[in-house]
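Accompanying notes for the structure given below.
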Amino acid sequence: MELDSWQQSPLAEEFPYANVVRYVRSVGKHFLATPVVEALVRARAAGTGAAGDDTARDHLRRFLSVVLDKHDGTYDYTTYTALDLLRPRQAPPLQEFEDEVGTRIAFLLYDALAFESGAALGHRSQLPCMRPSPEVVEKRLRHGLRVAVEMDMLSGKPLTPKVSGLQERFDQLTEVIETAPSGMASRLDQTLMPVYVIHDEYLFIRVLQSFESIFECLARLASEAIRRLEARDAEEALRSLSAISRVLSGGLPLFSLLATMQRESFEFFRKFTEGASAIQSVNYKTFEALCGTPAPERVESPAFRSVPQVRGRVLESMTTVRGAADALIASRAHEPDVGARLAREMAQIEAVHQRWKRTHYRLAVRMIGSVSGTGYTEGTPYLRSVIDNRLFRRAEETTH
């Protein structure tokens, strides 16, 4: 009724976003009632001619694309994690972008931890099924705050709630969230739309969004490193490569947070996530391809075929960090130690990246065993097969 009422005089800025999100969370996106879906489809049609500025109409369109992805047959990893709604519409300059990503991840985690503590106290009624034990909640708060504080340090604006009683933690997290930058509160609200009503899916989505934010930042840093290498600015290139190691290392504890998920909960809600898998991550594949040209068999794998836009750039011989570094070294237009320093930075990134892959593999084995993945993939056998892949492979190399 509210959606139909809005259509009588559609104004993009006044669309009932909060109530739509509240309804989605009450049943899960996989189980939207047909009358509601039909009303949302009508609202989308009305929204094309809604009053308001172009930005507001565009946001409404993107929001409804996320809500209606299963109805539209467009459901995938990007819509499941609502990435198009999460990132800022216009990317800021690199230094500001690093700050934005750090702040974004911190608030994603603050929101998840406020949900955890609030649910444990009986303050949150959404996603009520299969609540975790108090011990698990405590572990989540400990691991989550560790990452949030690390990411807030990256942004230069640390927000660190003290560790104390559960009620005080909840109050402090709520206060922190109220200090969110402009627009962050609505982004947090509109980007958490689970497929069902299992408690742990809230945490799962927020961690995936944090990973994606990290990959987005890594891709931007890798692009900057290439630009600096091509300009023969070795010092700035080295700074970008060092930042990649720092951001990668800062994100590793996210796996410890994710490991607190209850296996039975994950097994239950993942039945409704079929078709969405991290193998479809455009940000990660972009970062991987920018580091070094992937081996031919990697380019032909399901991983790259699931992101045709990135695969197309690889096939067109896109410039990579590895290639730009080799070109700079061959030019001899640098200080004598630059080649060795570049090699050390790339080796450091490679080492941290290997830790990421091995940790991911061990977690996946514990959570899903040998069953297939959610994106029509082989699951853990696939993860095991790619552990030995290297980021900074030279284009002429034929091995992993």
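Residue names in the structure tokens use chain letters A, B, ... in the order shown, residue numbers from 1 in each chain, and ligand numbers from 1 in the order shown.
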What are the closest atom pairs, with distances in Å to one decimal, for each residue of segment 185-229 of chain A lying within 12 Å of segment 20-24 of chain A, using only C-alpha atoms, rows by chain and rising residue number, as a Markdown table?
| residue | atom | partner | partner_atom | distance |
| --- | --- | --- | --- | --- |
| A:Ser186 | CA | A:Val21 | CA | 10.8 |
| A:Arg187 | CA | A:Val21 | CA | 11.5 |
| A:Leu188 | CA | A:Val21 | CA | 10.9 |
| A:Asp189 | CA | A:Val21 | CA | 7.5 |
| A:Gln190 | CA | A:Val21 | CA | 6.5 |
| A:Thr191 | CA | A:Val21 | CA | 8.8 |
| A:Leu192 | CA | A:Val21 | CA | 7.9 |
| A:Met193 | CA | A:Val24 | CA | 6.3 |
| A:Pro194 | CA | A:Val24 | CA | 7.5 |
| A:Val195 | CA | A:Val24 | CA | 8.4 |
| A:Tyr196 | CA | A:Val24 | CA | 8.7 |
| A:Val197 | CA | A:Val24 | CA | 9.3 |
Based on the backbone DSSP call, show me all residues of segment 172-274 of chain A assigned alpha helix (DSSP H), as a PyMOL selection string. chain A and resi 172-178+184-190+200-230+234-251+254-258+263-269
Neighbours of segment 218-226 of chain A within 9 Å (only C-alpha atoms; same-chain residues fewer than 3 positions away dropped), as a PyMOL selection string? chain A and resi 94+97-98+213-215+229-231+234+236-241+243-244+247-248+283-288+290-291+319-325
May I have the selected residues written with C-alpha atoms, as a PDB file, in the first residue's frame?
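again-v4.pdb, freshly written:
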ATOM      1  CA  LEU A  94      43.766   8.392  -4.127  1.00  0.00           C
ATOM      2  CA  PHE A  97      40.082   7.247  -1.324  1.00  0.00           C
ATOM      3  CA  GLU A  98      42.311   5.302   1.081  1.00  0.00           C
ATOM      4  CA  SER A 213      36.324  -2.549  -0.196  1.00  0.00           C
ATOM      5  CA  ILE A 214      39.871  -3.788   0.398  1.00  0.00           C
ATOM      6  CA  PHE A 215      40.114  -5.210  -3.128  1.00  0.00           C
ATOM      7  CA  LEU A 229      56.500   3.433 -12.678  1.00  0.00           C
ATOM      8  CA  GLU A 230      55.667   4.590 -16.191  1.00  0.00           C
ATOM      9  CA  ALA A 231      56.509   8.164 -15.129  1.00  0.00           C
ATOM     10  CA  ALA A 234      60.222   4.997  -8.438  1.00  0.00           C
ATOM     11  CA  GLU A 236      56.104   7.072  -5.294  1.00  0.00           C
ATOM     12  CA  ALA A 237      55.648   3.678  -6.951  1.00  0.00           C
ATOM     13  CA  LEU A 238      57.370   2.033  -3.994  1.00  0.00           C
ATOM     14  CA  ARG A 239      55.066   3.916  -1.623  1.00  0.00           C
ATOM     15  CA  SER A 240      52.002   2.578  -3.469  1.00  0.00           C
ATOM     16  CA  LEU A 241      53.360  -0.975  -3.343  1.00  0.00           C
ATOM     17  CA  ALA A 243      50.491   0.590   0.878  1.00  0.00           C
ATOM     18  CA  ILE A 244      49.219  -2.557  -0.865  1.00  0.00           C
ATOM     19  CA  VAL A 247      46.110  -2.813   3.399  1.00  0.00           C
ATOM     20  CA  LEU A 248      46.363  -6.551   2.676  1.00  0.00           C
ATOM     21  CA  ASN A 283      37.620  -5.855  -7.773  1.00  0.00           C
ATOM     22  CA  TYR A 284      39.788  -8.840  -6.861  1.00  0.00           C
ATOM     23  CA  LYS A 285      40.339  -9.941 -10.461  1.00  0.00           C
ATOM     24  CA  THR A 286      41.192  -6.369 -11.423  1.00  0.00           C
ATOM     25  CA  PHE A 287      43.823  -6.235  -8.683  1.00  0.00           C
ATOM     26  CA  GLU A 288      45.205  -9.616  -9.689  1.00  0.00           C
ATOM     27  CA  LEU A 290      47.036  -5.311 -12.614  1.00  0.00           C
ATOM     28  CA  CYS A 291      49.836  -6.989 -10.663  1.00  0.00           C
ATOM     29  CA  THR A 319      49.768  -2.839 -18.503  1.00  0.00           C
ATOM     30  CA  THR A 320      50.796  -4.453 -15.206  1.00  0.00           C
ATOM     31  CA  VAL A 321      52.962  -3.588 -12.217  1.00  0.00           C
ATOM     32  CA  ARG A 322      55.317  -6.400 -13.176  1.00  0.00           C
ATOM     33  CA  GLY A 323      55.635  -5.140 -16.739  1.00  0.00           C
ATOM     34  CA  ALA A 324      56.029  -1.494 -15.757  1.00  0.00           C
ATOM     35  CA  ALA A 325      58.654  -2.380 -13.138  1.00  0.00           C
TER      36      ALA A 325
END
Contacts of segment 79-82 of chain A within 10 Å, only C-alpha atoms, excl. fewer than 2 positions in-chain, as a ChimeraX atom specification: /A:29,62-63,65-70,74-77,84-87,187,190-195,204-210,212,273,275-278
Find the spatial neighbours of segment 198-203 of chain A, counting only C-alpha atoms, within a cut-off of 9 Å - ignore same-chain residues fewer than 4 positions away - and output them as a PDB file with N, CA and C atoms, in the first residue's frame.
ATOM      1  N   GLY A  28      13.655 -12.124   4.058  1.00  0.00           N
ATOM      2  CA  GLY A  28      14.767 -12.559   3.221  1.00  0.00           C
ATOM      3  C   GLY A  28      14.453 -12.294   1.763  1.00  0.00           C
ATOM      4  N   LEU A 109      31.921  -2.724   9.984  1.00  0.00           N
ATOM      5  CA  LEU A 109      32.145  -3.614  11.120  1.00  0.00           C
ATOM      6  C   LEU A 109      31.479  -3.083  12.381  1.00  0.00           C
ATOM      7  N   ALA A 112      27.967  -4.173  12.078  1.00  0.00           N
ATOM      8  CA  ALA A 112      27.801  -5.605  12.328  1.00  0.00           C
ATOM      9  C   ALA A 112      27.910  -5.916  13.813  1.00  0.00           C
ATOM     10  N   LEU A 113      28.838  -5.267  14.502  1.00  0.00           N
ATOM     11  CA  LEU A 113      29.031  -5.532  15.924  1.00  0.00           C
ATOM     12  C   LEU A 113      27.905  -4.940  16.762  1.00  0.00           C
ATOM     13  N   PHE A 115      24.866  -4.856  15.693  1.00  0.00           N
ATOM     14  CA  PHE A 115      23.813  -5.859  15.504  1.00  0.00           C
ATOM     15  C   PHE A 115      24.039  -7.055  16.416  1.00  0.00           C
ATOM     16  N   GLU A 116      25.292  -7.533  16.501  1.00  0.00           N
ATOM     17  CA  GLU A 116      25.601  -8.683  17.343  1.00  0.00           C
ATOM     18  C   GLU A 116      25.291  -8.401  18.810  1.00  0.00           C
ATOM     19  N   ALA A 119      21.456  -7.760  19.342  1.00  0.00           N
ATOM     20  CA  ALA A 119      20.662  -8.984  19.301  1.00  0.00           C
ATOM     21  C   ALA A 119      20.843  -9.786  20.592  1.00  0.00           C
ATOM     22  N   GLN A 126      15.526  -8.284  13.997  1.00  0.00           N
ATOM     23  CA  GLN A 126      15.730  -8.755  12.636  1.00  0.00           C
ATOM     24  C   GLN A 126      16.638  -9.980  12.619  1.00  0.00           C
ATOM     25  N   LEU A 127      16.475 -10.810  11.583  1.00  0.00           N
ATOM     26  CA  LEU A 127      17.265 -12.034  11.410  1.00  0.00           C
ATOM     27  C   LEU A 127      17.324 -12.826  12.723  1.00  0.00           C
ATOM     28  N   PRO A 128      16.173 -13.306  13.189  1.00  0.00           N
ATOM     29  CA  PRO A 128      16.095 -13.887  14.543  1.00  0.00           C
ATOM     30  C   PRO A 128      16.523 -15.349  14.652  1.00  0.00           C
ATOM     31  N   CYS A 129      16.732 -16.033  13.532  1.00  0.00           N
ATOM     32  CA  CYS A 129      16.944 -17.482  13.583  1.00  0.00           C
ATOM     33  C   CYS A 129      18.406 -17.851  13.851  1.00  0.00           C
ATOM     34  N   MET A 130      18.586 -18.878  14.674  1.00  0.00           N
ATOM     35  CA  MET A 130      19.895 -19.467  14.951  1.00  0.00           C
ATOM     36  C   MET A 130      20.860 -18.438  15.536  1.00  0.00           C
ATOM     37  N   ARG A 131      20.427 -17.777  16.591  1.00  0.00           N
ATOM     38  CA  ARG A 131      21.280 -16.808  17.270  1.00  0.00           C
ATOM     39  C   ARG A 131      22.506 -17.510  17.860  1.00  0.00           C
ATOM     40  N   PRO A 132      23.663 -16.855  17.858  1.00  0.00           N
ATOM     41  CA  PRO A 132      24.883 -17.460  18.424  1.00  0.00           C
ATOM     42  C   PRO A 132      24.876 -17.381  19.953  1.00  0.00           C
ATOM     43  N   LEU A 192      22.317  -3.928   3.380  1.00  0.00           N
ATOM     44  CA  LEU A 192      22.232  -5.177   4.135  1.00  0.00           C
ATOM     45  C   LEU A 192      20.874  -5.798   3.849  1.00  0.00           C
ATOM     46  N   MET A 193      20.817  -6.610   2.765  1.00  0.00           N
ATOM     47  CA  MET A 193      19.568  -7.265   2.381  1.00  0.00           C
ATOM     48  C   MET A 193      19.824  -8.758   2.219  1.00  0.00           C
ATOM     49  N   PRO A 194      19.637  -9.519   3.292  1.00  0.00           N
ATOM     50  CA  PRO A 194      19.966 -10.952   3.293  1.00  0.00           C
ATOM     51  C   PRO A 194      18.983 -11.766   2.474  1.00  0.00           C
ATOM     52  N   VAL A 207      31.221  -8.730   6.219  1.00  0.00           N
ATOM     53  CA  VAL A 207      32.611  -9.112   5.999  1.00  0.00           C
ATOM     54  C   VAL A 207      32.915  -9.157   4.504  1.00  0.00           C
ATOM     55  N   LEU A 208      31.996  -9.708   3.700  1.00  0.00           N
ATOM     56  CA  LEU A 208      32.210  -9.715   2.252  1.00  0.00           C
ATOM     57  C   LEU A 208      32.348  -8.290   1.720  1.00  0.00           C
ATOM     58  N   LEU A 257      37.301 -13.148  12.125  1.00  0.00           N
ATOM     59  CA  LEU A 257      35.921 -12.748  12.389  1.00  0.00           C
ATOM     60  C   LEU A 257      34.954 -13.659  11.647  1.00  0.00           C
ATOM     61  N   LEU A 258      35.249 -13.916  10.380  1.00  0.00           N
ATOM     62  CA  LEU A 258      34.383 -14.774   9.578  1.00  0.00           C
ATOM     63  C   LEU A 258      34.343 -16.196  10.137  1.00  0.00           C
ATOM     64  N   MET A 261      31.480 -17.670  12.373  1.00  0.00           N
ATOM     65  CA  MET A 261      30.164 -18.077  11.882  1.00  0.00           C
ATOM     66  C   MET A 261      29.875 -19.513  12.279  1.00  0.00           C
ATOM     67  N   GLN A 262      28.623 -19.776  12.603  1.00  0.00           N
ATOM     68  CA  GLN A 262      28.211 -21.129  12.921  1.00  0.00           C
ATOM     69  C   GLN A 262      28.046 -21.916  11.623  1.00  0.00           C
ATOM     70  N   SER A 265      24.518 -22.596  10.510  1.00  0.00           N
ATOM     71  CA  SER A 265      23.840 -21.406   9.997  1.00  0.00           C
ATOM     72  C   SER A 265      24.246 -21.133   8.560  1.00  0.00           C
ATOM     73  N   PHE A 266      25.547 -21.192   8.308  1.00  0.00           N
ATOM     74  CA  PHE A 266      26.056 -20.945   6.960  1.00  0.00           C
ATOM     75  C   PHE A 266      25.490 -21.962   5.978  1.00  0.00           C
ATOM     76  N   PHE A 268      22.738 -23.412   6.113  1.00  0.00           N
ATOM     77  CA  PHE A 268      21.313 -23.180   5.896  1.00  0.00           C
ATOM     78  C   PHE A 268      21.070 -22.034   4.921  1.00  0.00           C
ATOM     79  N   PHE A 269      21.656 -20.852   5.197  1.00  0.00           N
ATOM     80  CA  PHE A 269      21.305 -19.721   4.332  1.00  0.00           C
ATOM     81  C   PHE A 269      22.010 -19.765   2.979  1.00  0.00           C
ATOM     82  N   ARG A 270      23.147 -20.482   2.867  1.00  0.00           N
ATOM     83  CA  ARG A 270      23.856 -20.507   1.589  1.00  0.00           C
ATOM     84  C   ARG A 270      23.075 -21.253   0.514  1.00  0.00           C
TER      85      ARG A 270
END
So the first atom is atom CA of Pro92 of chain A and the second is atom CA of Arg227 of chain A; what is the distance between them in Å, to one decimal place? 16.9 Å
Let me make sure I understand: among A:Val36, A:Leu64, A:Ala45, A:Met184, which one has the smallest atom-to-atom distance to Leu108 of chain A if we use only C-alpha atoms? A:Met184
Neighbouring residues of Val147 of chain A were defined as those with any atom within 12 Å, considering only C-alpha atoms; residues of the same chain fewer than 6 positions away were excluded. Please report them as a PDB file with N, CA and C atoms, in the first residue's frame.
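Everything below was put into out.pdb:
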ATOM      1  N   GLY A 102      39.057   2.995   4.397  1.00  0.00           N
ATOM      2  CA  GLY A 102      39.287   2.640   5.785  1.00  0.00           C
ATOM      3  C   GLY A 102      38.093   2.967   6.655  1.00  0.00           C
ATOM      4  N   THR A 103      37.536   4.156   6.472  1.00  0.00           N
ATOM      5  CA  THR A 103      36.358   4.551   7.237  1.00  0.00           C
ATOM      6  C   THR A 103      35.162   3.674   6.894  1.00  0.00           C
ATOM      7  N   ILE A 105      35.086   0.532   5.848  1.00  0.00           N
ATOM      8  CA  ILE A 105      35.211  -0.789   6.461  1.00  0.00           C
ATOM      9  C   ILE A 105      34.963  -0.707   7.966  1.00  0.00           C
ATOM     10  N   ALA A 106      35.521   0.318   8.610  1.00  0.00           N
ATOM     11  CA  ALA A 106      35.318   0.473  10.048  1.00  0.00           C
ATOM     12  C   ALA A 106      33.832   0.539  10.379  1.00  0.00           C
ATOM     13  N   PHE A 107      33.071   1.320   9.607  1.00  0.00           N
ATOM     14  CA  PHE A 107      31.647   1.456   9.909  1.00  0.00           C
ATOM     15  C   PHE A 107      30.840   0.220   9.511  1.00  0.00           C
ATOM     16  N   LEU A 108      31.267  -0.486   8.480  1.00  0.00           N
ATOM     17  CA  LEU A 108      30.627  -1.762   8.181  1.00  0.00           C
ATOM     18  C   LEU A 108      30.740  -2.705   9.376  1.00  0.00           C
ATOM     19  N   LEU A 109      31.921  -2.724   9.984  1.00  0.00           N
ATOM     20  CA  LEU A 109      32.145  -3.614  11.120  1.00  0.00           C
ATOM     21  C   LEU A 109      31.479  -3.083  12.381  1.00  0.00           C
ATOM     22  N   TYR A 110      31.517  -1.780  12.608  1.00  0.00           N
ATOM     23  CA  TYR A 110      30.804  -1.229  13.759  1.00  0.00           C
ATOM     24  C   TYR A 110      29.315  -1.576  13.681  1.00  0.00           C
ATOM     25  N   LEU A 113      28.838  -5.267  14.502  1.00  0.00           N
ATOM     26  CA  LEU A 113      29.031  -5.532  15.924  1.00  0.00           C
ATOM     27  C   LEU A 113      27.905  -4.940  16.762  1.00  0.00           C
ATOM     28  N   ARG A 140      33.236 -12.510  18.492  1.00  0.00           N
ATOM     29  CA  ARG A 140      33.013 -11.652  17.326  1.00  0.00           C
ATOM     30  C   ARG A 140      33.357 -10.199  17.640  1.00  0.00           C
ATOM     31  N   LEU A 141      32.943  -9.754  18.802  1.00  0.00           N
ATOM     32  CA  LEU A 141      33.249  -8.383  19.181  1.00  0.00           C
ATOM     33  C   LEU A 141      34.758  -8.167  19.270  1.00  0.00           C
ATOM     34  N   MET A 153      42.610   3.335  11.762  1.00  0.00           N
ATOM     35  CA  MET A 153      43.961   3.903  11.789  1.00  0.00           C
ATOM     36  C   MET A 153      44.419   4.255  10.383  1.00  0.00           C
ATOM     37  N   LEU A 154      44.021   3.432   9.411  1.00  0.00           N
ATOM     38  CA  LEU A 154      44.366   3.744   8.022  1.00  0.00           C
ATOM     39  C   LEU A 154      43.711   5.042   7.587  1.00  0.00           C
ATOM     40  N   PRO A 158      40.711   7.401  14.093  1.00  0.00           N
ATOM     41  CA  PRO A 158      40.371   6.213  14.889  1.00  0.00           C
ATOM     42  C   PRO A 158      39.146   6.415  15.771  1.00  0.00           C
ATOM     43  N   LEU A 159      38.279   5.446  15.783  1.00  0.00           N
ATOM     44  CA  LEU A 159      37.080   5.428  16.617  1.00  0.00           C
ATOM     45  C   LEU A 159      37.096   4.097  17.358  1.00  0.00           C
ATOM     46  N   THR A 160      37.501   4.098  18.606  1.00  0.00           N
ATOM     47  CA  THR A 160      37.757   2.853  19.306  1.00  0.00           C
ATOM     48  C   THR A 160      36.885   2.726  20.548  1.00  0.00           C
ATOM     49  N   VAL A 207      31.221  -8.730   6.219  1.00  0.00           N
ATOM     50  CA  VAL A 207      32.611  -9.112   5.999  1.00  0.00           C
ATOM     51  C   VAL A 207      32.915  -9.157   4.504  1.00  0.00           C
ATOM     52  N   SER A 210      33.454  -5.762   3.346  1.00  0.00           N
ATOM     53  CA  SER A 210      34.756  -5.271   3.788  1.00  0.00           C
ATOM     54  C   SER A 210      35.867  -5.794   2.884  1.00  0.00           C
ATOM     55  N   PHE A 211      35.806  -7.085   2.551  1.00  0.00           N
ATOM     56  CA  PHE A 211      36.782  -7.652   1.616  1.00  0.00           C
ATOM     57  C   PHE A 211      36.745  -6.903   0.289  1.00  0.00           C
ATOM     58  N   VAL A 247      47.562  -2.591   3.450  1.00  0.00           N
ATOM     59  CA  VAL A 247      46.110  -2.813   3.399  1.00  0.00           C
ATOM     60  C   VAL A 247      45.787  -4.304   3.416  1.00  0.00           C
ATOM     61  N   LEU A 248      46.560  -5.099   2.664  1.00  0.00           N
ATOM     62  CA  LEU A 248      46.363  -6.551   2.676  1.00  0.00           C
ATOM     63  C   LEU A 248      46.543  -7.113   4.082  1.00  0.00           C
ATOM     64  N   SER A 249      47.603  -6.722   4.743  1.00  0.00           N
ATOM     65  CA  SER A 249      47.864  -7.222   6.090  1.00  0.00           C
ATOM     66  C   SER A 249      46.766  -6.789   7.056  1.00  0.00           C
ATOM     67  N   GLY A 250      46.299  -5.549   6.917  1.00  0.00           N
ATOM     68  CA  GLY A 250      45.244  -5.059   7.796  1.00  0.00           C
ATOM     69  C   GLY A 250      43.951  -5.831   7.660  1.00  0.00           C
ATOM     70  N   GLY A 251      43.711  -6.414   6.488  1.00  0.00           N
ATOM     71  CA  GLY A 251      42.464  -7.151   6.266  1.00  0.00           C
ATOM     72  C   GLY A 251      42.498  -8.604   6.684  1.00  0.00           C
ATOM     73  N   LEU A 252      43.699  -9.144   6.959  1.00  0.00           N
ATOM     74  CA  LEU A 252      43.798 -10.565   7.299  1.00  0.00           C
ATOM     75  C   LEU A 252      42.936 -10.976   8.497  1.00  0.00           C
ATOM     76  N   PRO A 253      42.861 -10.178   9.571  1.00  0.00           N
ATOM     77  CA  PRO A 253      42.036 -10.587  10.714  1.00  0.00           C
ATOM     78  C   PRO A 253      40.544 -10.728  10.409  1.00  0.00           C
ATOM     79  N   LEU A 254      40.107 -10.231   9.244  1.00  0.00           N
ATOM     80  CA  LEU A 254      38.702 -10.441   8.862  1.00  0.00           C
ATOM     81  C   LEU A 254      38.373 -11.925   8.795  1.00  0.00           C
ATOM     82  N   PHE A 255      39.347 -12.746   8.445  1.00  0.00           N
ATOM     83  CA  PHE A 255      39.103 -14.185   8.383  1.00  0.00           C
ATOM     84  C   PHE A 255      38.805 -14.751   9.767  1.00  0.00           C
ATOM     85  N   SER A 256      39.466 -14.222  10.795  1.00  0.00           N
ATOM     86  CA  SER A 256      39.181 -14.679  12.158  1.00  0.00           C
ATOM     87  C   SER A 256      37.754 -14.316  12.551  1.00  0.00           C
ATOM     88  N   LEU A 257      37.301 -13.148  12.125  1.00  0.00           N
ATOM     89  CA  LEU A 257      35.921 -12.748  12.389  1.00  0.00           C
ATOM     90  C   LEU A 257      34.954 -13.659  11.647  1.00  0.00           C
ATOM     91  N   LEU A 258      35.249 -13.916  10.380  1.00  0.00           N
ATOM     92  CA  LEU A 258      34.383 -14.774   9.578  1.00  0.00           C
ATOM     93  C   LEU A 258      34.343 -16.196  10.137  1.00  0.00           C
TER      94      LEU A 258
END
Determine, counting only C-alpha atoms, which protein, DNA and RNA residues have an atom within 12 Å of an atom of Leu3 of chain A; residues of the same chain fewer than 6 positions away are not included. Present the result as a list in words. Ser9, Pro10, Leu11, Glu14, Phe15, Pro16, Tyr17, Ala18, Asn19, Val20, Pro35, Val36, Val37, Glu38, Ala39, Leu40, Val41, Arg42, Ala43, Arg44, Ala45, Ala46 and Gly47 of chain A
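Nearest to Ala180 of chain A of all the residues A:Ala330, A:Glu300, A:His360, A:Arg104 is A:Arg104, counting only C-alpha atoms.
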